[in-house]
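Since the structure comes first, as structure tokens, the remarks are kept for the end.
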Amino acid sequence: MSLDGDSFREIMGHFATGVAVVTTVTESGTDAGITVNSLASVSLQPPLVLWSIGRDSAWFGQFSRCLRFVVHILAEDQQTLSDRFAQVGDNLFEGLELDRSPEGIALIRGCHGSLNCRSAAQYPGGDHVILLGEVESMCTARDTRPLIYHRGGYCGLAHG
Ligand SMILES: Cc1cc2nc3c(=O)[nH]c(=O)nc-3n(C[C@H](O)[C@H](O)[C@H](O)COP(=O)(O)O)c2cc1C
């Protein structure tokens with residue numbers, strides 16, 4: 001079996017995932033946000049999650065230095081939000097209704113729920129860095145069906 005990048009992407013594209021937007025606030029007080037599907041739960045006691053960020057991402061500096069981040073789990077009707085935070089720009093938060101965590105991180109409304117995390121550790125992962133977060137608080141905002149990413153596109157659950 002060949003191990004070129006396209007084949008690797010193709011086979012992993014069959015591993016359907018949910019979609020999340022991770023937000024933080026930079027040292028200079030600017031909001032940052034990125035769409036990710038590398039999210040996984042790691043541990044229940046203590047509650048830990050991980051996600052990874054590409055070293056060449058425009059947001060790498062902000063997230064690799066952050067002390068805290070919030071993971072928003074997207075609902076089926078939030079594809080536009082996923083597309084928005086898969087871009088780079090100064091105005092990604094413009095027009096969004098936001099709340100704030102006690103630490104001042106943007107909380108995006110309308111998601112299934114959010115996990116308020118302390119950055120607990122980082123690990124090298126090839127061209128990505130793996131960020132481990134300890135979940136200090138969380139909320140479920142609404143009971144929704146999930147947004148799903150599969151083979152480079154979005155879909156919803158067929159049933160359930
Ligand atoms: C569904 C989806 C999942 C993504 N998952 C990740 C991820 O886990 N890690 C990551 O670094 N980028 C991921 N991206 C890409 C980033 O969202 C995007 O690259 C980032 O916002 C900045 O853009 P840049 O890479 O052009 O700098 C994903 C994009 C989409 C649409």
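Ordered as shown in the structure tokens, chains take letters A, B, and onward, while each chain numbers its residues from 1 and ligands are numbered from 1 in the order shown.
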Counting only C-alpha atoms and all ligand atoms, which residues of chain A fall within 6 Å of ligand 1, and what is the closest atom pair for each with its distance in Å at one decimal, ordered by chain and rising number, as JSON lines?
```
{"residue": "A:Val19", "atom": "CA", "partner": "ligand 1", "partner_atom_place_in_ligand_line": "1 (C)", "distance": 5.8}
{"residue": "A:Ile34", "atom": "CA", "partner": "ligand 1", "partner_atom_place_in_ligand_line": "21 (O)", "distance": 4.4}
{"residue": "A:Thr35", "atom": "CA", "partner": "ligand 1", "partner_atom_place_in_ligand_line": "17 (O)", "distance": 3.9}
{"residue": "A:Val36", "atom": "CA", "partner": "ligand 1", "partner_atom_place_in_ligand_line": "5 (N)", "distance": 3.2}
{"residue": "A:Asn37", "atom": "CA", "partner": "ligand 1", "partner_atom_place_in_ligand_line": "5 (N)", "distance": 4.2}
{"residue": "A:Ser38", "atom": "CA", "partner": "ligand 1", "partner_atom_place_in_ligand_line": "8 (O)", "distance": 3.9}
{"residue": "A:Ser52", "atom": "CA", "partner": "ligand 1", "partner_atom_place_in_ligand_line": "9 (N)", "distance": 5.1}
{"residue": "A:Ile53", "atom": "CA", "partner": "ligand 1", "partner_atom_place_in_ligand_line": "11 (O)", "distance": 3.3}
{"residue": "A:Gly54", "atom": "CA", "partner": "ligand 1", "partner_atom_place_in_ligand_line": "11 (O)", "distance": 3.9}
{"residue": "A:Ser57", "atom": "CA", "partner": "ligand 1", "partner_atom_place_in_ligand_line": "27 (O)", "distance": 3.7}
{"residue": "A:Ala58", "atom": "CA", "partner": "ligand 1", "partner_atom_place_in_ligand_line": "27 (O)", "distance": 3.7}
{"residue": "A:Asp83", "atom": "CA", "partner": "ligand 1", "partner_atom_place_in_ligand_line": "31 (C)", "distance": 6.0}
{"residue": "A:Phe85", "atom": "CA", "partner": "ligand 1", "partner_atom_place_in_ligand_line": "21 (O)", "distance": 5.2}
{"residue": "A:Ala86", "atom": "CA", "partner": "ligand 1", "partner_atom_place_in_ligand_line": "17 (O)", "distance": 3.4}
{"residue": "A:Gln87", "atom": "CA", "partner": "ligand 1", "partner_atom_place_in_ligand_line": "21 (O)", "distance": 4.6}
{"residue": "A:Val88", "atom": "CA", "partner": "ligand 1", "partner_atom_place_in_ligand_line": "23 (O)", "distance": 5.2}
{"residue": "A:Tyr149", "atom": "CA", "partner": "ligand 1", "partner_atom_place_in_ligand_line": "1 (C)", "distance": 5.7}
```
Could those selected residues go to a file with C-alpha atoms, as a CSV table (one decimal), in the first residue's frame?
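For reference, result_29.csv as written:
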```
chain,number,residue,atom,x,y,z
A,19,VAL,CA,-16.5,19.9,13.9
A,34,ILE,CA,-10.0,28.2,14.3
A,35,THR,CA,-12.2,25.4,12.9
A,36,VAL,CA,-10.9,21.9,13.8
A,37,ASN,CA,-11.9,18.3,13.4
A,38,SER,CA,-8.9,16.9,15.3
A,52,SER,CA,-3.9,19.7,16.9
A,53,ILE,CA,-2.9,22.8,15.0
A,54,GLY,CA,-0.8,22.9,11.9
A,57,SER,CA,-1.4,27.8,10.3
A,58,ALA,CA,-1.8,31.5,10.5
A,83,ASP,CA,-16.4,27.9,7.0
A,85,PHE,CA,-13.3,30.0,11.1
A,86,ALA,CA,-11.5,27.9,8.5
A,87,GLN,CA,-10.3,31.2,7.0
A,88,VAL,CA,-7.7,33.8,8.1
A,149,TYR,CA,-17.1,16.3,8.3
```
Just asking: which residues within chain A are alpha helix (DSSP H) according to DSSP, as a PyMOL selection string?
chain A and resi 5-13+60-65+79-84
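With only C-alpha atoms as the atoms that count, the minimum distance from Glu76 (chain A) to the choices A:Cys111, A:Leu92, A:Ala32, A:Ala120 is reached by A:Cys111.
Note that the spacing between CA of Val21 (chain A) and CA of Ser7 (chain A) amounts to 26.6 Å.
Here the question is which of A:Arg109, A:Arg9, A:Arg118, A:Arg100 gets nearest to Pro47 (chain A) using only C-alpha atoms, and that residue is A:Arg118.
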